[in-house]
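Undergrad: I am attaching a structure below and will ask some questions about it afterwards.
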Protein chains: 2
Amino acid sequence: MLDSINTRKIEKVIFYQREFIGDTIINEFPFTISLNGRELVTLLCTPMNLEYLALGFLQSEGFISDRSAIQNIEFNKESGYINIQIVNGETIMEQKMIGKRTLTSGCGKGTTFHDVINTLESQPINTELFISMRKIYDLVDEMQKRSLLFKQTGAAHISTLASNQEILFVHEDIGRHNALDKLFGECLLKQINYTDKVIVTSGRISSEMLIKCALRRIPILISRSAATDLAIELALKSGITLIGFVRNERMNIYANGWRVLSDLP
Amino acid sequence: MLDSINTRKIEKVIFYQREFIGDTIINEFPFTISLNGRELVTLLCTPMNLEYLALGFLQSEGFISDRSAIQNIEFNKESGYINIQIVNGETIMEQKMIGKRTLTSGCGKGTTFHDVINTLESQPINTELFISMRKIYDLVDEMQKRSLLFKQTGAAHISTLASNQEILFVHEDIGRHNALDKLFGECLLKQINYTDKVIVTSGRISSEMLIKCALRRIPILISRSAATDLAIELALKSGITLIGFVRNERMNIYANGWRVLSDLP
């Protein structure tokens, strides 16, 4: 089992001066997830909170919806292997394998794209959760402060679950999808309700990131980075409040701004 | 067929002032690649140079090695669908499907990870291509200048093929893997030799990015961003000169620094 970071001797160049120094580098670890004994996928990820990652991944991919589906977890940290035994695993896997795979743009993993869009449109999220502009700025600032792996390596993404007041859970990973799935895995295992919560993340919001939140009926999604046009379209259709580019007391509200309160200080 | 960008009415917030404005947003387009009539994958990507993307993807995934393998290309821009007919397509597909899938960390797509590592170690790249520090800084500066989609949207990656003197080909995409595959697709179609060239890219270097370059025997890989520990390990094993964090006349040489010339000005 690797740590999240490693120290390596590298050559640092400043202008034209080269010098060997020890540098902190992010690890990338192959982690294999099996479902009912059948190998499903190997994710390349940061080796922290791998159980959460596996559970969040299985939930994102539609294999499980909540903790009650899990019968047994067999986790070998050293070898980077987890086997999760779930109710009706074989049947669900057969159904999934028939579906079409969508591979990714920015970053990410497979999802049966068009079915999802239909689902989102037919049952839009109308949760009356409100958040003030001040809190949006504060949550992103707080997230930045807690980006420890990023500070050390310059190569990690962070995702957090927050109320409309404060950050509750934090996960970092080399992959922005992994960071989000770790968060959802923790919520699943701890049975945290997220339908009245906010996701705050460092990474760009692609359609897949949006879909992950929309399927879980999370009403507000905030990013420090940009959103794609397709993600905005899906946010509009699914009723999600989508906010991006939150930096230096500025932000872009891409969709459903009615949840954002204009609290003049 | 979409454009690469779209103009959307969004709510821009500066401090506590909100205003509806037109903003330039990057598009994300589902593009389906079929091989010999069999649907292989749907990539979410920026809809420019999609033929290059398909060819580069097929090469990266080991379905084709060069242009001679291509028998026919049937491309429908409007629907985002391409079918590529290749020599021995069915046989190659059967072999591939048996292999294990690795899904991604940062960003990316499947690859049979461990086989690749063995290949890289057994035939390291020893090409005597040299590059000066000045040129490394210049190439990254030039790449930044040519990041048109990034400048417009703040949400694109860029990959370029360069000699050790100047940038030759440039591709942008919402996904860093897609940008790289577009570059390789163009080289494949135009029969450009890249074994004496340099890749310069904006995105982080994960193991998968490194492997894409190593399998094509590209001797020098330069990024504006960080590299993972696994990517550095693979660069050392495969003989690639790996350079990261090229910013403000500084850089990190992670592996095989012997190709970098210390040219004091």
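Lettering and numbering for the structure tokens are positional, with chains as A, B, ... in the shown order, residues counted from 1 in each chain, and ligands counted from 1 in the shown order.
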For a quick test of understanding: name the residues of chain B lying within 8 Å of chain A when counting only C-alpha atoms, and present them as a ChimeraX atom specification.
TA: /B:6,10-17,25-29,41-45,101-109,133,153-155,174-178,204,206-207,225-230,249-255,257,262-264
Undergrad: Extract, using only C-alpha atoms, all DNA, RNA and protein residues at most 12 Å from Leu55 in chain B, discarding same-chain residues fewer than 2 positions from it, and format them as a compact mmCIF listing (two decimals) with N, CA, C and O atoms, in the first residue's frame.
TA:
# COMPACT_ATOMS: atom_id res chain seq x y z
N ILE B 33 -17.39 6.22 -31.68
CA ILE B 33 -16.43 5.59 -32.59
C ILE B 33 -16.79 4.11 -32.75
O ILE B 33 -16.90 3.38 -31.77
N SER B 34 -16.99 3.72 -34.02
CA SER B 34 -17.21 2.31 -34.32
C SER B 34 -16.02 1.77 -35.09
O SER B 34 -15.39 2.49 -35.87
N LEU B 35 -15.75 0.50 -34.89
CA LEU B 35 -14.65 -0.16 -35.58
C LEU B 35 -15.27 -1.32 -36.36
O LEU B 35 -15.93 -2.18 -35.77
N ASN B 49 -11.88 18.50 -35.20
CA ASN B 49 -10.90 17.49 -35.60
C ASN B 49 -11.25 16.09 -35.08
O ASN B 49 -10.40 15.38 -34.53
N LEU B 50 -12.50 15.72 -35.27
CA LEU B 50 -12.96 14.46 -34.70
C LEU B 50 -12.38 13.24 -35.41
O LEU B 50 -12.19 12.20 -34.79
N GLU B 51 -12.07 13.39 -36.69
CA GLU B 51 -11.44 12.26 -37.39
C GLU B 51 -10.06 11.96 -36.77
O GLU B 51 -9.71 10.81 -36.56
N TYR B 52 -9.33 13.02 -36.51
CA TYR B 52 -8.03 12.84 -35.86
C TYR B 52 -8.21 12.17 -34.50
O TYR B 52 -7.44 11.28 -34.13
N LEU B 53 -9.21 12.62 -33.77
CA LEU B 53 -9.46 12.05 -32.44
C LEU B 53 -9.71 10.54 -32.53
O LEU B 53 -9.12 9.76 -31.78
N PHE B 57 -7.22 7.83 -31.02
CA PHE B 57 -7.77 6.95 -29.99
C PHE B 57 -7.53 5.48 -30.35
O PHE B 57 -7.07 4.69 -29.52
N LEU B 58 -7.84 5.13 -31.59
CA LEU B 58 -7.66 3.73 -32.01
C LEU B 58 -6.19 3.32 -31.94
O LEU B 58 -5.86 2.20 -31.58
N GLN B 59 -5.31 4.26 -32.27
CA GLN B 59 -3.89 3.96 -32.17
C GLN B 59 -3.47 3.83 -30.69
O GLN B 59 -2.77 2.89 -30.32
N SER B 60 -3.93 4.74 -29.86
CA SER B 60 -3.58 4.68 -28.43
C SER B 60 -4.06 3.38 -27.79
O SER B 60 -3.40 2.84 -26.91
N GLU B 61 -5.22 2.92 -28.23
CA GLU B 61 -5.78 1.70 -27.66
C GLU B 61 -5.24 0.44 -28.33
O GLU B 61 -5.68 -0.66 -27.99
N GLY B 62 -4.34 0.63 -29.29
CA GLY B 62 -3.67 -0.53 -29.89
C GLY B 62 -4.45 -1.22 -31.00
O GLY B 62 -4.12 -2.34 -31.39
N PHE B 63 -5.48 -0.59 -31.54
CA PHE B 63 -6.23 -1.21 -32.64
C PHE B 63 -5.53 -1.03 -33.98
O PHE B 63 -5.66 -1.87 -34.86
N ILE B 64 -4.83 0.08 -34.14
CA ILE B 64 -4.08 0.32 -35.38
C ILE B 64 -2.70 0.86 -35.02
O ILE B 64 -2.52 1.47 -33.98
N SER B 65 -1.74 0.60 -35.91
CA SER B 65 -0.42 1.17 -35.65
C SER B 65 -0.10 2.31 -36.63
O SER B 65 0.50 3.29 -36.25
N ASP B 66 -0.53 2.18 -37.86
CA ASP B 66 -0.28 3.26 -38.82
C ASP B 66 -1.40 3.34 -39.85
O ASP B 66 -2.38 2.59 -39.79
N ARG B 67 -1.22 4.24 -40.81
CA ARG B 67 -2.28 4.54 -41.76
C ARG B 67 -2.65 3.36 -42.65
O ARG B 67 -3.78 3.25 -43.13
N ALA B 69 -3.28 0.48 -41.97
CA ALA B 69 -4.31 -0.41 -41.40
C ALA B 69 -5.73 0.06 -41.74
O ALA B 69 -6.68 -0.71 -41.63
N ILE B 70 -5.85 1.31 -42.17
CA ILE B 70 -7.19 1.89 -42.39
C ILE B 70 -7.69 1.57 -43.79
O ILE B 70 -7.04 1.89 -44.78
N ASN B 72 -11.23 2.15 -44.63
CA ASN B 72 -12.29 3.10 -44.99
C ASN B 72 -12.71 3.91 -43.75
O ASN B 72 -12.70 3.40 -42.65
N ILE B 73 -13.06 5.17 -44.00
CA ILE B 73 -13.57 6.02 -42.91
C ILE B 73 -14.92 6.58 -43.32
O ILE B 73 -15.06 7.17 -44.40
N PHE B 75 -17.67 9.04 -41.85
CA PHE B 75 -17.76 10.03 -40.78
C PHE B 75 -19.01 10.87 -40.96
O PHE B 75 -19.19 11.49 -42.00
N ILE B 82 -18.55 8.04 -36.16
CA ILE B 82 -17.56 7.64 -37.16
C ILE B 82 -17.43 6.12 -37.14
O ILE B 82 -17.50 5.50 -36.07
N ASN B 83 -17.35 5.54 -38.33
CA ASN B 83 -17.03 4.12 -38.41
C ASN B 83 -15.73 3.98 -39.19
O ASN B 83 -15.61 4.49 -40.31
N ILE B 84 -14.78 3.29 -38.58
CA ILE B 84 -13.49 3.09 -39.25
C ILE B 84 -13.32 1.61 -39.53
O ILE B 84 -13.47 0.77 -38.63
N GLN B 85 -13.07 1.34 -40.79
CA GLN B 85 -12.89 -0.04 -41.24
C GLN B 85 -11.39 -0.30 -41.26
O GLN B 85 -10.64 0.43 -41.92
N ILE B 86 -10.94 -1.30 -40.50
CA ILE B 86 -9.50 -1.58 -40.48
C ILE B 86 -9.22 -3.03 -40.86
O ILE B 86 -10.12 -3.88 -40.82
N ASN B 178 -7.95 13.52 -24.99
CA ASN B 178 -8.46 13.79 -26.34
C ASN B 178 -7.52 14.70 -27.12
O ASN B 178 -7.28 14.48 -28.31
N LEU B 180 -4.37 15.00 -26.83
CA LEU B 180 -3.19 14.22 -27.23
C LEU B 180 -3.53 13.25 -28.36
O LEU B 180 -2.79 13.12 -29.33
N ASP B 181 -4.68 12.60 -28.24
CA ASP B 181 -5.07 11.66 -29.29
C ASP B 181 -5.32 12.37 -30.62
O ASP B 181 -5.02 11.81 -31.69
N LYS B 182 -5.87 13.57 -30.59
CA LYS B 182 -6.06 14.34 -31.83
C LYS B 182 -4.71 14.59 -32.52
O LYS B 182 -4.59 14.48 -33.73
N LEU B 183 -3.73 14.90 -31.71
CA LEU B 183 -2.38 15.15 -32.22
C LEU B 183 -1.84 13.89 -32.90
O LEU B 183 -1.32 13.94 -34.03
N PHE B 184 -1.98 12.76 -32.23
CA PHE B 184 -1.47 11.52 -32.79
C PHE B 184 -2.27 11.10 -34.02
O PHE B 184 -1.73 10.52 -34.95
N GLY B 185 -3.56 11.39 -34.01
CA GLY B 185 -4.39 11.07 -35.17
C GLY B 185 -3.95 11.86 -36.40
O GLY B 185 -3.89 11.32 -37.50
N GLU B 186 -3.63 13.14 -36.19
CA GLU B 186 -3.15 13.96 -37.30
C GLU B 186 -1.82 13.41 -37.83
O GLU B 186 -1.63 13.29 -39.05
N CYS B 187 -0.93 13.05 -36.92
CA CYS B 187 0.37 12.49 -37.33
C CYS B 187 0.18 11.19 -38.10
O CYS B 187 0.87 10.93 -39.09
N LEU B 188 -0.75 10.38 -37.64
CA LEU B 188 -1.00 9.11 -38.31
C LEU B 188 -1.49 9.33 -39.73
O LEU B 188 -0.96 8.75 -40.68
N LEU B 189 -2.48 10.22 -39.87
CA LEU B 189 -3.07 10.45 -41.19
C LEU B 189 -2.07 11.12 -42.13
O LEU B 189 -2.01 10.80 -43.31
N LYS B 190 -1.28 12.05 -41.61
CA LYS B 190 -0.31 12.78 -42.43
C LYS B 190 1.05 12.08 -42.48
O LYS B 190 2.00 12.61 -43.05
Undergrad: Near Ile218 in chain B, counting only C-alpha atoms, which residues have an atom at most 8 Å away, once you skip same-chain residues fewer than 3 positions from it, shown as number ranges by chain?
TA: B: 125, 194-199, 213-215, 221, 240
Undergrad: Keeping all heavy atoms, export the residues of the selection given above as a CSV table (one decimal), in the first residue's frame.
TA:
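The result, written out as result08.csv:
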chain,number,residue,atom,x,y,z
B,125,ILE,N,13.7,3.8,-24.7
B,125,ILE,CA,14.0,4.7,-25.7
B,125,ILE,C,15.3,5.4,-25.5
B,125,ILE,O,15.6,5.9,-24.4
B,125,ILE,CB,12.9,5.8,-25.7
B,125,ILE,CG1,11.5,5.2,-25.9
B,125,ILE,CG2,13.2,6.9,-26.8
B,125,ILE,CD1,10.3,6.1,-25.5
B,194,TYR,N,7.1,10.9,-35.4
B,194,TYR,CA,7.2,11.6,-34.1
B,194,TYR,C,8.3,11.0,-33.2
B,194,TYR,O,8.4,11.4,-32.1
B,194,TYR,CB,5.9,11.6,-33.4
B,194,TYR,CG,5.0,10.4,-33.5
B,194,TYR,CD1,5.5,9.2,-33.0
B,194,TYR,CD2,3.8,10.4,-34.1
B,194,TYR,CE1,4.7,8.0,-33.1
B,194,TYR,CE2,3.0,9.3,-34.2
B,194,TYR,CZ,3.5,8.1,-33.7
B,194,TYR,OH,2.7,6.9,-33.8
B,195,THR,N,9.1,10.1,-33.7
B,195,THR,CA,10.1,9.5,-32.8
B,195,THR,C,11.3,10.4,-32.6
B,195,THR,O,12.1,10.1,-31.8
B,195,THR,CB,10.6,8.1,-33.4
B,195,THR,OG1,11.2,8.3,-34.6
B,195,THR,CG2,9.4,7.1,-33.5
B,196,ASP,N,11.4,11.5,-33.3
B,196,ASP,CA,12.4,12.5,-33.1
B,196,ASP,C,11.8,13.8,-32.7
B,196,ASP,O,12.4,14.9,-32.9
B,196,ASP,CB,13.3,12.7,-34.4
B,196,ASP,CG,12.4,13.1,-35.5
B,196,ASP,OD1,11.2,13.1,-35.4
B,196,ASP,OD2,13.0,13.5,-36.6
B,197,LYS,N,10.6,13.7,-32.0
B,197,LYS,CA,9.9,15.0,-31.7
B,197,LYS,C,9.7,15.1,-30.2
B,197,LYS,O,10.1,14.2,-29.4
B,197,LYS,CB,8.6,15.0,-32.4
B,197,LYS,CG,8.6,14.9,-33.9
B,197,LYS,CD,9.2,16.2,-34.6
B,197,LYS,CE,9.0,16.1,-36.1
B,197,LYS,NZ,9.4,14.9,-36.8
B,198,VAL,N,9.1,16.2,-29.8
B,198,VAL,CA,8.8,16.5,-28.5
B,198,VAL,C,7.3,16.7,-28.3
B,198,VAL,O,6.7,17.3,-29.2
B,198,VAL,CB,9.5,17.8,-28.1
B,198,VAL,CG1,9.3,18.3,-26.7
B,198,VAL,CG2,11.0,17.7,-28.4
B,199,ILE,N,6.7,16.2,-27.2
B,199,ILE,CA,5.3,16.6,-26.9
B,199,ILE,C,5.3,17.7,-25.8
B,199,ILE,O,6.0,17.5,-24.8
B,199,ILE,CB,4.5,15.3,-26.4
B,199,ILE,CG1,4.4,14.3,-27.5
B,199,ILE,CG2,3.2,15.7,-25.8
B,199,ILE,CD1,3.3,14.6,-28.6
B,213,CYS,N,2.8,8.3,-24.9
B,213,CYS,CA,4.0,8.8,-25.5
B,213,CYS,C,5.0,7.7,-25.6
B,213,CYS,O,5.7,7.6,-26.7
B,213,CYS,CB,4.5,10.0,-24.8
B,213,CYS,SG,3.3,11.4,-24.8
B,214,ALA,N,5.2,6.9,-24.6
B,214,ALA,CA,6.2,5.9,-24.5
B,214,ALA,C,6.0,4.8,-25.6
B,214,ALA,O,6.9,4.4,-26.3
B,214,ALA,CB,6.3,5.3,-23.2
B,215,LEU,N,4.8,4.4,-25.8
B,215,LEU,CA,4.5,3.4,-26.8
B,215,LEU,C,4.8,3.9,-28.2
B,215,LEU,O,5.1,3.1,-29.1
B,215,LEU,CB,3.0,2.9,-26.7
B,215,LEU,CG,2.7,2.1,-25.4
B,215,LEU,CD1,1.2,1.7,-25.4
B,215,LEU,CD2,3.5,0.8,-25.4
B,221,LEU,N,8.9,14.6,-23.2
B,221,LEU,CA,7.6,15.0,-22.9
B,221,LEU,C,7.6,16.1,-21.9
B,221,LEU,O,8.3,16.0,-20.8
B,221,LEU,CB,6.9,13.8,-22.3
B,221,LEU,CG,5.5,13.9,-21.7
B,221,LEU,CD1,4.5,14.5,-22.8
B,221,LEU,CD2,4.9,12.5,-21.3
B,240,ILE,N,12.2,8.0,-21.3
B,240,ILE,CA,11.7,9.3,-21.7
B,240,ILE,C,12.2,10.4,-20.8
B,240,ILE,O,12.3,10.2,-19.6
B,240,ILE,CB,10.1,9.3,-21.6
B,240,ILE,CG1,9.5,8.5,-22.8
B,240,ILE,CG2,9.5,10.7,-21.6
B,240,ILE,CD1,8.0,8.6,-23.0
Undergrad: Name the residues of range 27-148 of chain A that come out as strand (DSSP E or B) in a backbone DSSP run; write them as a ChimeraX atom specification.
TA: /A:29-35,38-45,70-76,81-86,102,131-132
Undergrad: Could you turn the residues from that selection into a file that holds N, CA, C and O atoms, as a short mmCIF file (atom, residue, chain, number, x, y, z; two decimals), in the first residue's frame?
TA:
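Once written, part.cif looks like this:
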data_model
loop_
_atom_site.label_atom_id
_atom_site.label_comp_id
_atom_site.auth_asym_id
_atom_site.auth_seq_id
_atom_site.Cartn_x
_atom_site.Cartn_y
_atom_site.Cartn_z
N PHE A 29 -2.10 5.09 -7.97
CA PHE A 29 -2.13 3.72 -7.49
C PHE A 29 -3.23 2.94 -8.22
O PHE A 29 -4.36 3.40 -8.29
N PRO A 30 -2.90 1.80 -8.80
CA PRO A 30 -3.95 1.01 -9.46
C PRO A 30 -4.77 0.24 -8.42
O PRO A 30 -4.22 -0.52 -7.64
N PHE A 31 -6.05 0.48 -8.40
CA PHE A 31 -6.95 -0.07 -7.39
C PHE A 31 -8.06 -0.84 -8.11
O PHE A 31 -8.83 -0.26 -8.87
N THR A 32 -8.11 -2.14 -7.86
CA THR A 32 -9.05 -3.00 -8.58
C THR A 32 -10.32 -3.26 -7.76
O THR A 32 -10.23 -3.67 -6.61
N ILE A 33 -11.45 -3.00 -8.37
CA ILE A 33 -12.74 -3.21 -7.72
C ILE A 33 -13.42 -4.42 -8.35
O ILE A 33 -13.61 -4.47 -9.56
N SER A 34 -13.75 -5.39 -7.49
CA SER A 34 -14.53 -6.54 -7.94
C SER A 34 -15.91 -6.50 -7.30
O SER A 34 -16.07 -6.01 -6.18
N LEU A 35 -16.86 -7.00 -8.05
CA LEU A 35 -18.23 -7.06 -7.56
C LEU A 35 -18.65 -8.52 -7.56
O LEU A 35 -18.58 -9.18 -8.61
N ARG A 38 -16.33 -10.76 -9.32
CA ARG A 38 -16.03 -10.53 -10.74
C ARG A 38 -15.36 -9.17 -10.89
O ARG A 38 -15.91 -8.15 -10.48
N GLU A 39 -14.18 -9.19 -11.51
CA GLU A 39 -13.41 -7.95 -11.63
C GLU A 39 -14.15 -6.96 -12.52
O GLU A 39 -14.53 -7.26 -13.64
N LEU A 40 -14.32 -5.75 -11.99
CA LEU A 40 -15.12 -4.76 -12.69
C LEU A 40 -14.25 -3.71 -13.37
O LEU A 40 -14.45 -3.36 -14.53
N VAL A 41 -13.27 -3.21 -12.64
CA VAL A 41 -12.52 -2.05 -13.13
C VAL A 41 -11.25 -1.89 -12.30
O VAL A 41 -11.19 -2.33 -11.16
N THR A 42 -10.22 -1.31 -12.90
CA THR A 42 -9.07 -0.84 -12.13
C THR A 42 -9.00 0.67 -12.27
O THR A 42 -8.86 1.18 -13.37
N LEU A 43 -9.14 1.35 -11.14
CA LEU A 43 -9.04 2.80 -11.14
C LEU A 43 -7.62 3.22 -10.80
O LEU A 43 -6.98 2.58 -9.96
N LEU A 44 -7.14 4.26 -11.42
CA LEU A 44 -5.87 4.85 -11.02
C LEU A 44 -6.19 6.03 -10.11
O LEU A 44 -6.91 6.95 -10.53
N CYS A 45 -5.72 5.97 -8.89
CA CYS A 45 -6.22 6.92 -7.89
C CYS A 45 -5.18 7.20 -6.82
O CYS A 45 -4.12 6.59 -6.80
N ILE A 70 -25.21 -3.76 0.44
CA ILE A 70 -23.88 -4.35 0.66
C ILE A 70 -23.96 -5.53 1.62
O ILE A 70 -24.44 -5.40 2.74
N GLN A 71 -23.48 -6.70 1.15
CA GLN A 71 -23.50 -7.88 2.01
C GLN A 71 -22.16 -8.10 2.70
O GLN A 71 -22.11 -8.53 3.84
N ASN A 72 -21.07 -7.81 1.97
CA ASN A 72 -19.76 -8.06 2.53
C ASN A 72 -18.70 -7.24 1.77
O ASN A 72 -18.83 -7.02 0.57
N ILE A 73 -17.67 -6.80 2.50
CA ILE A 73 -16.56 -6.08 1.88
C ILE A 73 -15.26 -6.78 2.25
O ILE A 73 -14.98 -7.01 3.43
N GLU A 74 -14.50 -7.14 1.23
CA GLU A 74 -13.23 -7.83 1.44
C GLU A 74 -12.16 -6.93 0.81
O GLU A 74 -12.11 -6.77 -0.41
N PHE A 75 -11.36 -6.29 1.64
CA PHE A 75 -10.47 -5.23 1.18
C PHE A 75 -9.03 -5.58 1.51
O PHE A 75 -8.68 -5.80 2.68
N ASN A 76 -8.18 -5.65 0.51
CA ASN A 76 -6.76 -5.88 0.72
C ASN A 76 -5.99 -4.63 0.32
O ASN A 76 -5.74 -4.38 -0.86
N TYR A 81 -6.80 -4.17 -3.81
CA TYR A 81 -7.90 -4.98 -4.33
C TYR A 81 -9.08 -4.94 -3.35
O TYR A 81 -8.90 -5.10 -2.15
N ILE A 82 -10.26 -4.76 -3.88
CA ILE A 82 -11.45 -4.85 -3.03
C ILE A 82 -12.50 -5.69 -3.75
O ILE A 82 -12.65 -5.60 -4.98
N ASN A 83 -13.15 -6.55 -2.99
CA ASN A 83 -14.30 -7.27 -3.53
C ASN A 83 -15.52 -6.92 -2.69
O ASN A 83 -15.49 -7.04 -1.46
N ILE A 84 -16.54 -6.45 -3.37
CA ILE A 84 -17.77 -6.08 -2.65
C ILE A 84 -18.89 -7.02 -3.08
O ILE A 84 -19.14 -7.20 -4.29
N GLN A 85 -19.47 -7.64 -2.08
CA GLN A 85 -20.57 -8.58 -2.31
C GLN A 85 -21.87 -7.81 -2.14
O GLN A 85 -22.09 -7.19 -1.10
N ILE A 86 -22.69 -7.77 -3.19
CA ILE A 86 -23.95 -7.03 -3.06
C ILE A 86 -25.15 -7.93 -3.37
O ILE A 86 -25.00 -8.99 -3.98
N THR A 102 -20.12 4.89 -22.19
CA THR A 102 -19.65 6.21 -22.63
C THR A 102 -18.34 6.48 -21.95
O THR A 102 -18.24 6.43 -20.74
N ILE A 131 -28.73 29.49 -0.43
CA ILE A 131 -27.37 29.77 0.02
C ILE A 131 -27.03 31.22 -0.30
O ILE A 131 -27.41 31.74 -1.36
N SER A 132 -26.35 31.85 0.61
CA SER A 132 -26.00 33.26 0.40
C SER A 132 -24.70 33.37 -0.40
O SER A 132 -23.87 32.46 -0.38
#
Undergrad: In range 32-180 of chain A, what's alpha helix (DSSP H) per DSSP? Answer as number ranges by chain?
TA: A: 50-60, 89-98, 113-122, 133-145, 148-153, 176-180
Undergrad: Residues within 8 Å of Arg146 in chain B, please, as a list in words. Count only C-alpha atoms; anything in the same chain fewer than 3 positions from it doesn't count.
TA: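 Residues near the query, excluding close chain neighbours: Glu142, Met143 and Val170 of chain B.
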Undergrad: Please save all heavy atoms of the selected residues as a tab-separated table (two decimals), in the first residue's frame.
TA:
chain	number	residue	atom	x	y	z
B	142	GLU	N	5.01	29.54	-26.21
B	142	GLU	CA	4.34	29.51	-27.51
B	142	GLU	C	3.04	28.71	-27.42
B	142	GLU	O	2.02	29.10	-27.98
B	142	GLU	CB	5.30	28.91	-28.56
B	142	GLU	CG	4.73	28.76	-29.95
B	142	GLU	CD	4.43	30.09	-30.64
B	142	GLU	OE1	4.99	31.12	-30.22
B	142	GLU	OE2	3.61	30.08	-31.58
B	143	MET	N	3.09	27.59	-26.73
B	143	MET	CA	1.87	26.78	-26.54
B	143	MET	C	0.79	27.60	-25.86
B	143	MET	O	-0.37	27.59	-26.29
B	143	MET	CB	2.19	25.54	-25.71
B	143	MET	CG	0.96	24.71	-25.37
B	143	MET	SD	1.35	23.25	-24.37
B	143	MET	CE	1.64	24.00	-22.76
B	170	VAL	N	-0.88	21.54	-33.29
B	170	VAL	CA	-1.53	21.96	-32.04
B	170	VAL	C	-2.96	21.42	-32.00
B	170	VAL	O	-3.67	21.52	-33.01
B	170	VAL	CB	-1.61	23.50	-31.97
B	170	VAL	CG1	-2.37	23.96	-30.73
B	170	VAL	CG2	-0.23	24.12	-32.00
Undergrad: Using only C-alpha atoms, which of the listed residues (B:Leu168, B:Ile222, B:Ile211, B:Leu148) sits closest to Ile117 in chain B?
TA: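 Once distances to Ile117 in chain B are computed over only C-alpha atoms, the minimum belongs to B:Ile211.
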Undergrad: What does the structure give for the distance between CA of Lys135 in chain A and CA of Gln165 in chain A, in Å to one decimal?
TA: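 So the two atoms, CA of Lys135 in chain A and CA of Gln165 in chain A, lie 6.4 Å apart.
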Undergrad: Please, what distance in Å, to one decimal, runs between CA of His171 in chain B and CA of Ile136 in chain B?
TA: 18.6 Å
